[in-house]
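Q: I'd like to ask some things about the structure below.
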Amino acid sequence: MNKQSFLSLLAASIIIVSCGKKDDKAAQAAAAAQVKEYKTLTLQPESATLFTDYPASIQGQQNIEIRPRVEGYIDKIFVDEGAVVKAGQPLFKINAPEYEQQVRTATASIKSAQAAVSTAKLAVNKVKPLVEKEIISKYELESAQYNYESALATLAQANASLVNAKTNLGYTTVTSPVDGVVGSIPFRLGSLVSSNTADPLTTVSSIGNVYAYFAMNEKVLLNFTQGSGTLAQKIKQFPAVSLLLSDGSTYDEKGRIETVNGLINTETGSVNIRARFSNPRGVIRSGSSTTVRIPNEVKDGLIIPQSATFEMQDKIFAVTVGKDGKTKNTNITVLDNKAGNYYVVTSGLKAGDEIVLEGVASLKDGSQIKAQNQNAETVYADLK
């Protein structure tokens with residue numbers, strides 16, 4: 001091979017090597033361009049308030065059936081269904097003229113008895129000086145005295161009859177025994193009612209305070225009541241609870257849990273609980289369906305957004321990022337109750353782990369990503 005051919009071959013080799021290096025750099029640049037950026041967060045302990053909601057039914061502090069004490073026809077109805085009434089306010093008027101007649105008869109009997117007492121007293125006063133002068137025997141005075149005492153007894157009996165007659169007459173006006181709200185009224189004017197009538201005239205619910213009844217899982221109850229002290233002491237230490245109304249709004253009065261049923265329902269594994277709420281404006285009515293919300297303070301827990309997780313076969317996964325930028329799907333366990341849109345992690349993650357915040361369902365194990373670590377204050381901005 002002459003010198004000129006060698007030089008030509010060398011030049012061609014240099015050009016080929018140079019082109020190969022350019023192709024490698026282009027491939028590396030293309031691969032780098034395919035690595036997507038993902039927002040990530042380095043986990044650190046956080047504090048939050050968790051809420052657990054329980055369906056509840058409302059009952060008035062007192063639901064009193066209003067029943068007639070006497071027999072008669074309904075003459076007047078003074079209130080309407082749903083009316084707010086005060087204790088002692090008239091509700092119904094029963095037409096029972098025989099009780100008015102009893103009052104008149106008892107009044108007349110009293111007058112007759114009073115006249116008999118006066119006559120007997122005069123007899124005693126007349127006989128007494130004659131006995132003292134021994135004109136007549138003591139027997140006459142004793143007999144007059146017995147007649148006087150008998151007349152007094154008859155007067156007392158007449159007075160008692162009048163009181164009883166007035167009491168029965170008073171029963172013809174049916175009044176509310178408590179402050180409350182009137183329920184349904186199944187009877188109308190002219191209806192014949194008595195103390196033996198099956199249905200009450202109405203029901204008055206005392207709603208100055210109302211009770212919310214709900215059931216709590218035995219396991220959850222144990223979490224609330226663990227520690228030293230009696231159950232009564234722990235109930236007093238329960239946090240104040242909220243009430244969610246049927247329209248989703250939060251009732252402006254806080255409530256307190258007062259009682260925990262001593263028996264666990266063997267079929268459901270739950271315990272019945274009663275919470276009391278003040279109801280000064282009568283907003284809540286007996287029979288309403290509401291929700292009791294119980295807060296639970298979590299301190300220094302690992303809290304992650306729900307959007308940073310995905311579910312597969314009833315398991316919850318988060319995606320962690322290693323120092324090499326590669327991802328790993330990690331199975332985690334969380335508390336049942338949530339802090340808004342956040343999970344409280346009980347296992348699977350630890351402080352210092354870096355997790356992917358979005359698009360986690362599309363990432364496979366070993367995916368190469370470019371992490372954009374986010375500020376914790378920004379991620380937890382709406383965490384309460």
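Residue numbers start at 1 in each chain; chains themselves are named A, B, ... in the order of the structure tokens; ligands are numbered from 1 in the order shown.
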Report the residues of range 64-109 of chain A whose backbone DSSP state falls under strand (DSSP E), written as an MDAnalysis selection string.
A: chainID A and resid 64:66 72:77 84:85 90:95
Q: The selected residues should be written to file as a PDB file, in the first residue's frame (atoms: C-alpha atoms).
A:
ATOM      1  CA  ILE A  64     -93.903  13.052  75.995  1.00  0.00           C
ATOM      2  CA  GLU A  65     -97.175  11.534  74.851  1.00  0.00           C
ATOM      3  CA  ILE A  66    -100.096  13.843  75.577  1.00  0.00           C
ATOM      4  CA  GLY A  72    -115.240  13.804  76.170  1.00  0.00           C
ATOM      5  CA  TYR A  73    -115.309  15.373  72.726  1.00  0.00           C
ATOM      6  CA  ILE A  74    -112.483  17.590  71.467  1.00  0.00           C
ATOM      7  CA  ASP A  75    -113.981  21.069  71.519  1.00  0.00           C
ATOM      8  CA  LYS A  76    -110.908  23.167  70.626  1.00  0.00           C
ATOM      9  CA  ILE A  77    -107.382  22.610  69.318  1.00  0.00           C
ATOM     10  CA  VAL A  84     -93.232  25.520  69.599  1.00  0.00           C
ATOM     11  CA  VAL A  85     -95.004  25.556  72.977  1.00  0.00           C
ATOM     12  CA  PRO A  90    -103.128  24.950  76.486  1.00  0.00           C
ATOM     13  CA  LEU A  91    -103.148  22.388  73.681  1.00  0.00           C
ATOM     14  CA  PHE A  92    -106.705  20.981  73.619  1.00  0.00           C
ATOM     15  CA  LYS A  93    -110.096  21.703  75.143  1.00  0.00           C
ATOM     16  CA  ILE A  94    -112.353  18.692  75.847  1.00  0.00           C
ATOM     17  CA  ASN A  95    -116.080  19.241  76.098  1.00  0.00           C
TER      18      ASN A  95
END
Q: Tell me which protein, DNA and RNA residues are within 8 Å of Ser288 in chain A, counting only C-alpha atoms, leaving out same-chain ones fewer than 4 positions away, and put them as a PyMOL selection string.
A: chain A and resi 57-59+284
Q: Any chance you can output those residues with all heavy atoms as a PDB file, in the first residue's frame?
A:
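This went into again27.pdb:
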ATOM      1  N   SER A  57     -79.048   9.297  64.748  1.00  0.00           N
ATOM      2  CA  SER A  57     -80.455   9.692  64.781  1.00  0.00           C
ATOM      3  C   SER A  57     -80.673  10.586  65.988  1.00  0.00           C
ATOM      4  O   SER A  57     -80.051  10.400  67.038  1.00  0.00           O
ATOM      5  CB  SER A  57     -81.372   8.465  64.857  1.00  0.00           C
ATOM      6  OG  SER A  57     -81.115   7.720  66.035  1.00  0.00           O
ATOM      7  N   ILE A  58     -81.550  11.562  65.818  1.00  0.00           N
ATOM      8  CA  ILE A  58     -81.794  12.566  66.857  1.00  0.00           C
ATOM      9  C   ILE A  58     -83.086  12.261  67.604  1.00  0.00           C
ATOM     10  O   ILE A  58     -84.109  11.940  67.001  1.00  0.00           O
ATOM     11  CB  ILE A  58     -81.875  13.972  66.247  1.00  0.00           C
ATOM     12  CG1 ILE A  58     -80.536  14.346  65.585  1.00  0.00           C
ATOM     13  CG2 ILE A  58     -82.239  15.000  67.300  1.00  0.00           C
ATOM     14  CD1 ILE A  58     -79.388  14.474  66.549  1.00  0.00           C
ATOM     15  N   GLN A  59     -83.001  12.364  68.919  1.00  0.00           N
ATOM     16  CA  GLN A  59     -84.187  12.253  69.762  1.00  0.00           C
ATOM     17  C   GLN A  59     -84.203  13.438  70.724  1.00  0.00           C
ATOM     18  O   GLN A  59     -83.160  13.876  71.201  1.00  0.00           O
ATOM     19  CB  GLN A  59     -84.180  10.946  70.569  1.00  0.00           C
ATOM     20  CG  GLN A  59     -84.272   9.690  69.726  1.00  0.00           C
ATOM     21  CD  GLN A  59     -85.612   9.549  69.033  1.00  0.00           C
ATOM     22  OE1 GLN A  59     -86.625  10.038  69.530  1.00  0.00           O
ATOM     23  NE2 GLN A  59     -85.622   8.904  67.879  1.00  0.00           N
ATOM     24  N   ILE A 284     -82.677  21.758  65.490  1.00  0.00           N
ATOM     25  CA  ILE A 284     -82.684  20.306  65.319  1.00  0.00           C
ATOM     26  C   ILE A 284     -83.994  19.761  65.867  1.00  0.00           C
ATOM     27  O   ILE A 284     -84.397  20.091  66.987  1.00  0.00           O
ATOM     28  CB  ILE A 284     -81.491  19.664  66.052  1.00  0.00           C
ATOM     29  CG1 ILE A 284     -80.185  20.356  65.640  1.00  0.00           C
ATOM     30  CG2 ILE A 284     -81.400  18.186  65.727  1.00  0.00           C
ATOM     31  CD1 ILE A 284     -78.989  19.901  66.421  1.00  0.00           C
TER      32      ILE A 284
END
Q: Could you tell me how far CA of Pro186 in chain A lies from CA of Arg67 in chain A, in Å and to one decimal?
A: 12.1 Å
Q: What lies within 10 Å of Val283 in chain A using only C-alpha atoms, ignoring chain neighbours under 6 positions off, as JSON, numbers by chain?
A: {"A": [207, 208, 245, 251]}
Q: Export N, CA and C atoms of the chosen residues as a PDB file, in the first residue's frame?
A:
ATOM      1  N   ILE A 207     -86.910  19.925  73.131  1.00  0.00           N
ATOM      2  CA  ILE A 207     -85.701  19.963  72.299  1.00  0.00           C
ATOM      3  C   ILE A 207     -84.746  21.075  72.714  1.00  0.00           C
ATOM      4  N   GLY A 208     -84.849  21.542  73.963  1.00  0.00           N
ATOM      5  CA  GLY A 208     -83.848  22.486  74.450  1.00  0.00           C
ATOM      6  C   GLY A 208     -82.477  21.847  74.389  1.00  0.00           C
ATOM      7  N   LEU A 245     -75.466  18.390  59.710  1.00  0.00           N
ATOM      8  CA  LEU A 245     -76.882  18.355  59.407  1.00  0.00           C
ATOM      9  C   LEU A 245     -77.133  17.704  58.058  1.00  0.00           C
ATOM     10  N   TYR A 251     -73.416  21.993  62.369  1.00  0.00           N
ATOM     11  CA  TYR A 251     -74.208  22.664  63.404  1.00  0.00           C
ATOM     12  C   TYR A 251     -73.276  23.499  64.267  1.00  0.00           C
TER      13      TYR A 251
END
Q: Excluding Ser161 in chain A and residues on its chain fewer than 4 positions from it, collect all residues at most 10 Å away from it, counting only C-alpha atoms, and give them as JSON, numbers by chain.
A: {"A": [102, 103, 105, 106, 107, 109, 110, 155, 156, 157, 165, 166, 167]}
Q: Find the residue from A:Ala275, A:Ala83, A:Leu363, A:Ala151 that sits nearest to Thr203 in chain A; use only C-alpha atoms when measuring.
A: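 Closest to Thr203 in chain A of all the choices is A:Ala83.
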Q: For each of A:Leu152, A:Val321, A:Leu383, A:Val70, take the minimum atom-to-atom distance to Asn341 in chain A, counting only C-alpha atoms, then give the residue where this is smallest.
A: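 Of all the options, A:Leu383 lies closest to Asn341 in chain A.
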Q: Find the residue from A:Leu141, A:Ile185, A:Leu162, A:Val220 that sits nearest to Asp336 in chain A; use only C-alpha atoms when measuring.
A: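 Once distances to Asp336 in chain A are computed over only C-alpha atoms, the minimum belongs to A:Val220.
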Q: Could you give me the residues within range 95-211 of chain A that DSSP places in helix (DSSP H, G or I), as number ranges by chain?
A: A: 97-132, 138-170
Q: Would you work out the distance separating CA of Ala376 in chain A from CA of Pro45 in chain A, expressed in Å to one decimal?
A: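 Going from CA of Ala376 in chain A over to CA of Pro45 in chain A covers 10.6 Å.
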Q: Tell me which protein, DNA and RNA residues are within 9 Å of range 344-351 of chain A, counting only C-alpha atoms, leaving out same-chain ones fewer than 4 positions away, and put them as a compact mmCIF listing (two decimals) with all heavy atoms, in the first residue's frame.
A:
# COMPACT_ATOMS: atom_id res chain seq x y z
N THR A 42 -40.17 14.78 50.57
CA THR A 42 -39.41 14.04 51.59
C THR A 42 -40.23 14.05 52.88
O THR A 42 -40.56 15.11 53.41
CB THR A 42 -38.03 14.69 51.83
OG1 THR A 42 -37.31 14.71 50.60
CG2 THR A 42 -37.25 13.90 52.87
N LEU A 43 -40.56 12.87 53.37
CA LEU A 43 -41.47 12.74 54.51
C LEU A 43 -40.80 13.14 55.82
O LEU A 43 -39.67 12.74 56.11
CB LEU A 43 -42.00 11.30 54.62
CG LEU A 43 -42.86 10.81 53.46
CD1 LEU A 43 -43.27 9.36 53.70
CD2 LEU A 43 -44.10 11.68 53.30
N GLN A 44 -41.55 13.92 56.58
CA GLN A 44 -41.16 14.29 57.93
C GLN A 44 -42.41 14.21 58.82
O GLN A 44 -43.54 14.35 58.33
CB GLN A 44 -40.58 15.71 57.98
CG GLN A 44 -39.29 15.88 57.20
CD GLN A 44 -38.15 15.04 57.77
OE1 GLN A 44 -38.13 14.71 58.96
NE2 GLN A 44 -37.19 14.69 56.91
N PRO A 45 -42.27 13.96 60.13
CA PRO A 45 -43.45 13.86 61.01
C PRO A 45 -44.28 15.14 60.97
O PRO A 45 -43.75 16.25 60.97
CB PRO A 45 -42.84 13.63 62.40
CG PRO A 45 -41.48 13.03 62.12
CD PRO A 45 -41.01 13.68 60.86
N LEU A 50 -57.71 14.29 62.83
CA LEU A 50 -58.48 13.35 62.01
C LEU A 50 -59.93 13.39 62.43
O LEU A 50 -60.26 13.66 63.59
CB LEU A 50 -57.94 11.93 62.18
CG LEU A 50 -56.43 11.72 62.01
CD1 LEU A 50 -56.10 10.25 62.12
CD2 LEU A 50 -55.97 12.26 60.67
N VAL A 298 -53.64 13.69 65.96
CA VAL A 298 -52.46 12.87 65.65
C VAL A 298 -51.23 13.77 65.71
O VAL A 298 -51.18 14.81 65.04
CB VAL A 298 -52.57 12.22 64.26
CG1 VAL A 298 -51.26 11.55 63.87
CG2 VAL A 298 -53.70 11.21 64.24
N GLY A 301 -47.05 12.22 63.16
CA GLY A 301 -47.34 11.06 62.32
C GLY A 301 -46.88 11.28 60.89
O GLY A 301 -46.63 12.42 60.47
N LEU A 302 -46.75 10.21 60.14
CA LEU A 302 -46.40 10.31 58.72
C LEU A 302 -47.70 10.48 57.93
O LEU A 302 -48.53 9.58 57.90
CB LEU A 302 -45.64 9.07 58.25
CG LEU A 302 -44.22 8.91 58.80
CD1 LEU A 302 -43.57 7.67 58.21
CD2 LEU A 302 -43.37 10.14 58.48
N ILE A 303 -47.87 11.62 57.33
CA ILE A 303 -49.11 11.97 56.64
C ILE A 303 -48.79 12.22 55.17
O ILE A 303 -47.88 13.00 54.85
CB ILE A 303 -49.75 13.21 57.28
CG1 ILE A 303 -50.03 12.94 58.76
CG2 ILE A 303 -51.03 13.61 56.55
CD1 ILE A 303 -50.53 14.15 59.52
N ILE A 304 -49.52 11.55 54.28
CA ILE A 304 -49.29 11.73 52.84
C ILE A 304 -50.61 12.03 52.14
O ILE A 304 -51.67 11.60 52.59
CB ILE A 304 -48.64 10.48 52.21
CG1 ILE A 304 -49.59 9.28 52.29
CG2 ILE A 304 -47.31 10.17 52.87
CD1 ILE A 304 -49.08 8.06 51.55
N PRO A 305 -50.57 12.79 51.06
CA PRO A 305 -51.80 13.06 50.30
C PRO A 305 -52.35 11.76 49.70
O PRO A 305 -51.60 10.88 49.28
CB PRO A 305 -51.35 14.02 49.20
CG PRO A 305 -50.05 14.58 49.68
CD PRO A 305 -49.41 13.51 50.50
N PHE A 317 -50.82 1.52 47.84
CA PHE A 317 -49.40 1.64 47.50
C PHE A 317 -49.02 3.10 47.38
O PHE A 317 -49.81 3.95 46.95
CB PHE A 317 -49.09 0.94 46.18
CG PHE A 317 -49.18 -0.56 46.25
CD1 PHE A 317 -50.40 -1.19 46.06
CD2 PHE A 317 -48.06 -1.34 46.50
CE1 PHE A 317 -50.51 -2.57 46.11
CE2 PHE A 317 -48.15 -2.72 46.55
CZ PHE A 317 -49.38 -3.34 46.36
N ALA A 318 -47.77 3.39 47.78
CA ALA A 318 -47.13 4.67 47.52
C ALA A 318 -45.88 4.38 46.68
O ALA A 318 -45.39 3.24 46.64
CB ALA A 318 -46.77 5.38 48.82
N THR A 320 -41.95 5.33 46.13
CA THR A 320 -40.76 6.00 46.67
C THR A 320 -39.71 6.17 45.58
O THR A 320 -39.71 5.46 44.57
CB THR A 320 -40.17 5.20 47.84
OG1 THR A 320 -39.83 3.87 47.38
CG2 THR A 320 -41.18 5.09 48.98
N THR A 330 -44.42 0.74 46.97
CA THR A 330 -44.34 0.31 48.36
C THR A 330 -45.73 0.14 48.94
O THR A 330 -46.54 1.07 48.91
CB THR A 330 -43.57 1.34 49.21
OG1 THR A 330 -42.28 1.54 48.64
CG2 THR A 330 -43.42 0.86 50.64
N ASN A 331 -46.01 -1.05 49.45
CA ASN A 331 -47.30 -1.31 50.10
C ASN A 331 -47.32 -0.64 51.47
O ASN A 331 -46.39 -0.80 52.27
CB ASN A 331 -47.50 -2.81 50.23
CG ASN A 331 -48.83 -3.18 50.89
OD1 ASN A 331 -48.94 -4.16 51.59
ND2 ASN A 331 -49.86 -2.37 50.68
N ILE A 332 -48.38 0.12 51.75
CA ILE A 332 -48.48 0.83 53.02
C ILE A 332 -49.80 0.49 53.69
O ILE A 332 -50.75 0.04 53.06
CB ILE A 332 -48.38 2.36 52.83
CG1 ILE A 332 -49.56 2.86 51.97
CG2 ILE A 332 -47.05 2.74 52.23
CD1 ILE A 332 -49.63 4.38 51.87
N THR A 333 -49.86 0.69 55.00
CA THR A 333 -51.11 0.59 55.76
C THR A 333 -51.40 1.96 56.36
O THR A 333 -50.47 2.69 56.74
CB THR A 333 -51.03 -0.47 56.87
OG1 THR A 333 -49.92 -0.17 57.74
CG2 THR A 333 -50.83 -1.85 56.28
N VAL A 334 -52.67 2.30 56.44
CA VAL A 334 -53.07 3.63 56.91
C VAL A 334 -54.19 3.49 57.92
O VAL A 334 -54.85 2.46 58.01
CB VAL A 334 -53.52 4.51 55.73
CG1 VAL A 334 -52.40 4.71 54.74
CG2 VAL A 334 -54.76 3.92 55.05
N LEU A 335 -54.43 4.56 58.68
CA LEU A 335 -55.57 4.60 59.61
C LEU A 335 -56.87 4.68 58.82
O LEU A 335 -56.91 5.25 57.72
CB LEU A 335 -55.45 5.80 60.53
CG LEU A 335 -54.31 5.80 61.56
CD1 LEU A 335 -54.35 7.09 62.37
CD2 LEU A 335 -54.41 4.59 62.48
N ASP A 336 -57.93 4.11 59.40
CA ASP A 336 -59.23 4.13 58.73
C ASP A 336 -59.75 5.56 58.56
O ASP A 336 -60.29 5.92 57.52
CB ASP A 336 -60.26 3.31 59.51
CG ASP A 336 -59.94 1.82 59.46
OD1 ASP A 336 -59.26 1.40 58.51
OD2 ASP A 336 -60.37 1.09 60.37
N ASN A 337 -59.63 6.36 59.62
CA ASN A 337 -60.10 7.75 59.50
C ASN A 337 -59.03 8.62 58.89
O ASN A 337 -57.84 8.41 59.08
CB ASN A 337 -60.55 8.29 60.86
CG ASN A 337 -59.55 8.05 61.95
OD1 ASN A 337 -58.69 7.20 61.84
ND2 ASN A 337 -59.66 8.80 63.02
N LYS A 338 -59.46 9.62 58.14
CA LYS A 338 -58.56 10.44 57.35
C LYS A 338 -58.54 11.86 57.86
O LYS A 338 -59.46 12.32 58.52
CB LYS A 338 -58.98 10.42 55.87
CG LYS A 338 -59.20 9.02 55.30
CD LYS A 338 -59.78 9.11 53.91
CE LYS A 338 -60.10 7.73 53.36
NZ LYS A 338 -61.17 7.07 54.13
N ALA A 339 -57.46 12.56 57.51
CA ALA A 339 -57.37 13.99 57.80
C ALA A 339 -57.66 14.73 56.51
O ALA A 339 -56.77 15.10 55.76
CB ALA A 339 -55.98 14.33 58.32
Q: With distances taken over only C-alpha atoms, which residue among A:Val182, A:Met216, A:Leu201, A:Leu243 lies nearest Gly82 in chain A?
A: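 Closest to Gly82 in chain A of all the choices is A:Val182.
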Q: I'd like the contact shell of range 204-206 of chain A - 7 Å cut-off, only C-alpha atoms, skipping same-chain residues fewer than 5 positions apart - returned as a list in words.
A: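 Residues near the query, excluding close chain neighbours: Gly60, Gln61, Gln62, Asn63, Ile64, Glu65, Val178, Asp179, Gly180, Val181, Val182, Gly183 and Ser286 of chain A.
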Q: Keeping only N, CA and C atoms, write the selected residues to a file as an mmCIF file, in the first residue's frame.
A:
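File again.cif, as written:
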data_model
loop_
_atom_site.group_PDB
_atom_site.id
_atom_site.type_symbol
_atom_site.label_atom_id
_atom_site.label_comp_id
_atom_site.auth_asym_id
_atom_site.auth_seq_id
_atom_site.Cartn_x
_atom_site.Cartn_y
_atom_site.Cartn_z
ATOM 1 N N GLY A 60 -85.408 13.955 70.969
ATOM 2 C CA GLY A 60 -85.522 15.031 71.938
ATOM 3 C C GLY A 60 -85.163 14.536 73.328
ATOM 4 N N GLN A 61 -84.797 15.472 74.182
ATOM 5 C CA GLN A 61 -84.455 15.094 75.548
ATOM 6 C C GLN A 61 -85.642 14.424 76.234
ATOM 7 N N GLN A 62 -86.850 14.866 75.864
ATOM 8 C CA GLN A 62 -88.073 14.239 76.357
ATOM 9 C C GLN A 62 -89.071 14.179 75.200
ATOM 10 N N ASN A 63 -89.608 13.002 74.948
ATOM 11 C CA ASN A 63 -90.696 12.834 73.993
ATOM 12 C C ASN A 63 -91.916 12.383 74.789
ATOM 13 N N ILE A 64 -92.813 13.310 75.070
ATOM 14 C CA ILE A 64 -93.903 13.052 75.995
ATOM 15 C C ILE A 64 -95.206 12.890 75.221
ATOM 16 N N GLU A 65 -95.864 11.758 75.450
ATOM 17 C CA GLU A 65 -97.175 11.534 74.851
ATOM 18 C C GLU A 65 -98.230 12.292 75.647
ATOM 19 N N VAL A 178 -94.115 20.437 79.232
ATOM 20 C CA VAL A 178 -92.738 20.930 79.075
ATOM 21 C C VAL A 178 -92.681 21.912 77.914
ATOM 22 N N ASP A 179 -91.567 22.640 77.829
ATOM 23 C CA ASP A 179 -91.280 23.411 76.627
ATOM 24 C C ASP A 179 -90.895 22.432 75.527
ATOM 25 N N GLY A 180 -91.412 22.635 74.329
ATOM 26 C CA GLY A 180 -91.059 21.708 73.263
ATOM 27 C C GLY A 180 -91.780 22.005 71.970
ATOM 28 N N VAL A 181 -91.786 20.997 71.106
ATOM 29 C CA VAL A 181 -92.392 21.107 69.781
ATOM 30 C C VAL A 181 -93.504 20.071 69.661
ATOM 31 N N VAL A 182 -94.644 20.501 69.143
ATOM 32 C CA VAL A 182 -95.809 19.622 69.003
ATOM 33 C C VAL A 182 -95.600 18.686 67.806
ATOM 34 N N GLY A 183 -95.900 17.414 68.021
ATOM 35 C CA GLY A 183 -95.813 16.433 66.943
ATOM 36 C C GLY A 183 -97.110 16.369 66.151
ATOM 37 N N SER A 286 -86.543 16.350 66.679
ATOM 38 C CA SER A 286 -86.519 14.932 67.021
ATOM 39 C C SER A 286 -86.858 14.108 65.785
#
